[in-house]
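**Q** This is entry_9.cif (mmCIF, C-alpha atoms).
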```cif
data_work
#
loop_
_atom_site.label_atom_id
_atom_site.label_comp_id
_atom_site.auth_asym_id
_atom_site.auth_seq_id
_atom_site.Cartn_x
_atom_site.Cartn_y
_atom_site.Cartn_z
CA MET M 76 -10.67 -3.90 -76.88
CA ALA M 77 -13.60 -5.95 -75.58
CA LYS M 78 -11.87 -6.52 -72.23
CA LYS M 79 -11.30 -2.78 -71.79
CA LEU M 80 -14.94 -2.06 -72.58
CA LEU M 81 -16.15 -4.74 -70.16
CA MET M 82 -13.85 -3.46 -67.40
CA GLY M 83 -15.10 0.08 -68.01
CA LEU M 84 -18.72 -1.06 -67.72
CA ILE M 85 -17.99 -2.94 -64.50
CA ALA M 86 -16.17 0.07 -63.04
CA GLY M 87 -19.11 2.30 -63.98
CA LEU M 88 -21.57 -0.04 -62.31
CA LEU M 89 -19.45 -0.17 -59.18
CA LEU M 90 -19.34 3.61 -59.09
CA LEU M 91 -23.09 3.87 -59.57
CA SER M 92 -23.81 1.33 -56.85
CA PHE M 93 -21.86 3.33 -54.28
CA THR M 94 -23.25 6.71 -55.34
CA PRO M 95 -25.87 6.81 -52.52
CA LEU M 96 -23.08 6.36 -49.99
CA MET M 97 -20.98 9.10 -51.57
CA ALA M 98 -23.92 11.47 -51.94
CA GLN M 99 -24.59 11.70 -48.22
CA ASP M 100 -23.99 14.93 -46.37
CA PHE M 101 -20.50 14.75 -44.89
CA THR M 102 -20.89 17.57 -42.39
CA GLY M 103 -20.20 15.07 -39.63
CA TRP M 104 -22.08 12.96 -37.13
CA GLN M 105 -21.83 13.49 -33.44
CA SER M 106 -21.19 10.41 -31.35
CA SER M 107 -23.57 10.00 -28.43
CA GLU M 108 -20.88 8.25 -26.38
CA THR M 109 -17.88 10.54 -26.76
CA GLY M 110 -19.45 13.70 -28.16
CA SER M 111 -16.89 13.75 -30.97
CA VAL M 112 -17.82 14.46 -34.57
CA SER M 113 -16.98 11.82 -37.19
CA PRO M 114 -16.46 12.88 -40.82
CA LEU M 115 -17.68 9.49 -42.07
CA PRO M 116 -21.27 8.28 -42.26
CA THR M 117 -22.39 5.32 -40.23
CA VAL M 118 -24.03 2.63 -42.31
CA GLY M 119 -25.91 -0.25 -40.74
CA VAL M 120 -25.47 -3.91 -41.57
CA GLY M 121 -28.86 -4.05 -43.32
CA ALA M 122 -28.01 -1.16 -45.63
CA THR M 123 -24.63 -2.72 -46.39
CA VAL M 124 -26.22 -6.06 -47.28
CA TRP M 125 -28.81 -4.26 -49.41
CA ARG M 126 -26.13 -2.34 -51.33
CA PHE M 127 -24.09 -5.51 -51.84
CA ALA M 128 -27.18 -7.37 -53.13
CA THR M 129 -27.92 -4.48 -55.49
CA LEU M 130 -24.34 -4.50 -56.75
CA LEU M 131 -24.48 -8.27 -57.36
CA PHE M 132 -27.79 -7.91 -59.19
CA TYR M 133 -26.39 -5.20 -61.48
CA LEU M 134 -23.29 -7.26 -62.22
CA MET M 135 -25.38 -10.35 -62.92
CA ALA M 136 -27.70 -8.41 -65.23
CA LEU M 137 -24.70 -6.95 -67.06
CA LEU M 138 -23.13 -10.38 -67.43
CA ALA M 139 -26.40 -11.83 -68.76
CA LEU M 140 -26.60 -9.00 -71.28
CA VAL M 141 -23.01 -9.64 -72.39
CA PHE M 142 -23.76 -13.34 -72.89
CA ILE M 143 -26.93 -12.58 -74.87
CA ILE M 144 -25.00 -10.20 -77.13
CA TYR M 145 -22.24 -12.82 -77.54
CA ALA M 146 -24.84 -15.46 -78.46
CA ALA M 147 -26.43 -13.07 -80.94
CA ILE M 148 -23.05 -12.56 -82.61
CA ILE M 149 -22.57 -16.35 -82.79
CA LEU M 150 -26.07 -16.70 -84.26
CA VAL M 151 -25.51 -14.02 -86.89
CA THR M 152 -22.14 -15.46 -87.93
CA ALA M 153 -23.31 -19.11 -87.88
CA SER M 154 -23.89 -19.20 -91.65
CA GLY M 155 -26.48 -21.92 -91.24
CA ASP M 156 -24.24 -24.23 -89.17
CA PRO M 157 -26.68 -26.14 -86.94
CA GLY M 158 -24.04 -26.65 -84.22
CA LYS M 159 -23.42 -22.93 -83.85
CA VAL M 160 -27.13 -22.13 -83.94
CA GLU M 161 -27.76 -24.69 -81.18
CA THR M 162 -24.87 -23.29 -79.12
CA ALA M 163 -26.24 -19.75 -79.44
CA ARG M 164 -29.72 -20.98 -78.45
CA HIS M 165 -28.32 -22.65 -75.35
CA ILE M 166 -26.33 -19.56 -74.33
CA ILE M 167 -29.40 -17.33 -74.66
CA MET M 168 -31.58 -19.81 -72.78
CA TYR M 169 -29.12 -20.15 -69.89
CA ALA M 170 -28.57 -16.38 -69.72
CA LEU M 171 -32.33 -15.80 -69.48
CA ILE M 172 -32.69 -18.51 -66.81
CA ALA M 173 -29.85 -16.93 -64.80
CA LEU M 174 -31.49 -13.52 -65.17
CA ALA M 175 -34.83 -14.89 -63.94
CA ILE M 176 -33.17 -16.54 -60.93
CA GLY M 177 -31.32 -13.30 -60.19
CA VAL M 178 -34.53 -11.27 -60.30
CA VAL M 179 -36.25 -13.69 -57.92
CA ALA M 180 -33.26 -13.67 -55.54
CA TYR M 181 -33.06 -9.87 -55.61
CA GLY M 182 -36.80 -9.68 -54.97
CA LEU M 183 -36.47 -11.96 -51.94
CA VAL M 184 -33.64 -9.83 -50.54
CA ALA M 185 -35.75 -6.70 -51.10
CA LEU M 186 -38.74 -8.31 -49.40
CA VAL M 187 -36.73 -9.32 -46.31
CA TYR M 188 -34.92 -5.98 -46.18
CA ASN M 189 -38.15 -3.97 -46.32
CA TYR M 190 -39.79 -6.25 -43.77
CA LEU M 191 -36.92 -5.86 -41.31
CA ARG M 192 -36.66 -2.12 -41.94
CA GLN M 193 -40.28 -1.62 -40.88
CA GLY M 194 -39.46 -3.15 -37.52
CA HIS M 195 -41.64 -6.24 -37.57
#
```
When written as structure tokens, how does the structure in this file appear?
**A**
Amino acid sequence: MAKKLLMGLIAGLLLLSFTPLMAQDFTGWQSSETGSVSPLPTVGVGATVWRFATLLFYLMALLALVFIIYAAIILVTASGDPGKVETARHIIMYALIALAIGVVAYGLVALVYNYLRQGH
């Protein structure tokens, strides 16, 4: 049951991350070289990297949330066992550290992407 729920959440995030690509107007783009009309949008390398970074950030945030919930369940069911409490503390600490590193990495990608998009 938990695996099905996790796979559904991942599939939903994947669908949401590609929504901007699917929401574009597909009336066609005319090629300047051949004059033909293509039914598919052209996406630059920068936009592709940006979308991939966004997808990775969402997946990392989801995974951190799953680990925090898992640690909370361990903590609630520990029944005062110091080993389980310490394990849950470590899981939460590492999940929060991973989330902080992910936010910084995503921010750096956003900074570089916006800088390059402005044409500097």
**Q** Evaluate the PyMOL selection byres ((chain M and resi 139-141) around 9) on the structure here and hand back the selected residues as a ChimeraX atom specification.
**A** /M:81,134-138,142-146,167,169-171,173-174
**Q** Quick one: residues within 9 Å of segment 191-193 of chain M, only C-alpha atoms counted, chain neighbours fewer than 4 positions away excluded, as an MDAnalysis selection string?
**A** chainID M and resid 121 186:187
**Q** Between atom CA of Ile176 of chain M and atom CA of Ala122 of chain M, what distance in Å does the model show, to one decimal?
**A** 22.3 Å
**Q** I'd like the contact shell of Ile149 of chain M - 12 Å cut-off, only C-alpha atoms, skipping same-chain residues fewer than 4 positions apart - returned as a PyMOL selection string.
**A** chain M and resi 142-145+153-167
**Q** From the list M:Asn189, M:Met168, M:Val184, M:Ala147, which residue is nearest Phe127 of chain M when using all atoms listed in the file?
**A**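 For Phe127 of chain M, the nearest of the given residues is M:Val184.
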**Q** Which one is closest to Ala180 of chain M: M:Phe132, M:Val118, M:Val124, M:Thr152? Count only C-alpha atoms.
**A**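 Once distances to Ala180 of chain M are computed over only C-alpha atoms, the minimum belongs to M:Phe132.
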**Q** How many Å separate atom CA of Val151 of chain M from atom CA of Ile172 of chain M?
**A**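 Atom CA of Val151 of chain M sits 21.8 Å away from atom CA of Ile172 of chain M.
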**Q** How far is it from atom CA of Tyr190 of chain M to atom CA of Ala175 of chain M, in Å with one decimal?
**A**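 Between atom CA of Tyr190 of chain M and atom CA of Ala175 of chain M the gap works out to 22.5 Å.
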**Q** Mind rebuilding segment 150-161 of chain M with N, CA and C atoms and writing that out as a PDB file, in the frame of the given file?
**A**
```pdb
ATOM      1  N   LEU M 150     -24.918 -16.360 -83.429  1.00  0.00           N
ATOM      2  CA  LEU M 150     -26.070 -16.700 -84.260  1.00  0.00           C
ATOM      3  C   LEU M 150     -25.994 -16.022 -85.629  1.00  0.00           C
ATOM      4  N   VAL M 151     -25.584 -14.755 -85.626  1.00  0.00           N
ATOM      5  CA  VAL M 151     -25.510 -14.020 -86.890  1.00  0.00           C
ATOM      6  C   VAL M 151     -24.385 -14.562 -87.772  1.00  0.00           C
ATOM      7  N   THR M 152     -23.283 -14.970 -87.146  1.00  0.00           N
ATOM      8  CA  THR M 152     -22.140 -15.460 -87.930  1.00  0.00           C
ATOM      9  C   THR M 152     -22.157 -16.972 -88.130  1.00  0.00           C
ATOM     10  N   ALA M 153     -23.237 -17.644 -87.781  1.00  0.00           N
ATOM     11  CA  ALA M 153     -23.310 -19.110 -87.880  1.00  0.00           C
ATOM     12  C   ALA M 153     -23.323 -19.599 -89.321  1.00  0.00           C
ATOM     13  N   SER M 154     -23.814 -18.827 -90.227  1.00  0.00           N
ATOM     14  CA  SER M 154     -23.890 -19.200 -91.650  1.00  0.00           C
ATOM     15  C   SER M 154     -24.633 -20.512 -91.856  1.00  0.00           C
ATOM     16  N   GLY M 155     -25.662 -20.729 -91.077  1.00  0.00           N
ATOM     17  CA  GLY M 155     -26.480 -21.920 -91.240  1.00  0.00           C
ATOM     18  C   GLY M 155     -25.923 -23.170 -90.582  1.00  0.00           C
ATOM     19  N   ASP M 156     -24.820 -23.061 -89.862  1.00  0.00           N
ATOM     20  CA  ASP M 156     -24.240 -24.230 -89.170  1.00  0.00           C
ATOM     21  C   ASP M 156     -25.126 -24.586 -87.983  1.00  0.00           C
ATOM     22  N   PRO M 157     -25.753 -25.783 -88.011  1.00  0.00           N
ATOM     23  CA  PRO M 157     -26.680 -26.140 -86.940  1.00  0.00           C
ATOM     24  C   PRO M 157     -26.025 -26.222 -85.559  1.00  0.00           C
ATOM     25  N   GLY M 158     -24.743 -26.579 -85.505  1.00  0.00           N
ATOM     26  CA  GLY M 158     -24.040 -26.650 -84.220  1.00  0.00           C
ATOM     27  C   GLY M 158     -23.916 -25.286 -83.564  1.00  0.00           C
ATOM     28  N   LYS M 159     -23.559 -24.289 -84.388  1.00  0.00           N
ATOM     29  CA  LYS M 159     -23.420 -22.930 -83.850  1.00  0.00           C
ATOM     30  C   LYS M 159     -24.767 -22.336 -83.463  1.00  0.00           C
ATOM     31  N   VAL M 160     -25.789 -22.620 -84.255  1.00  0.00           N
ATOM     32  CA  VAL M 160     -27.130 -22.130 -83.940  1.00  0.00           C
ATOM     33  C   VAL M 160     -27.605 -22.733 -82.615  1.00  0.00           C
ATOM     34  N   GLU M 161     -27.365 -24.017 -82.436  1.00  0.00           N
ATOM     35  CA  GLU M 161     -27.760 -24.690 -81.180  1.00  0.00           C
ATOM     36  C   GLU M 161     -26.974 -24.128 -79.995  1.00  0.00           C
TER      37      GLU M 161
END
```
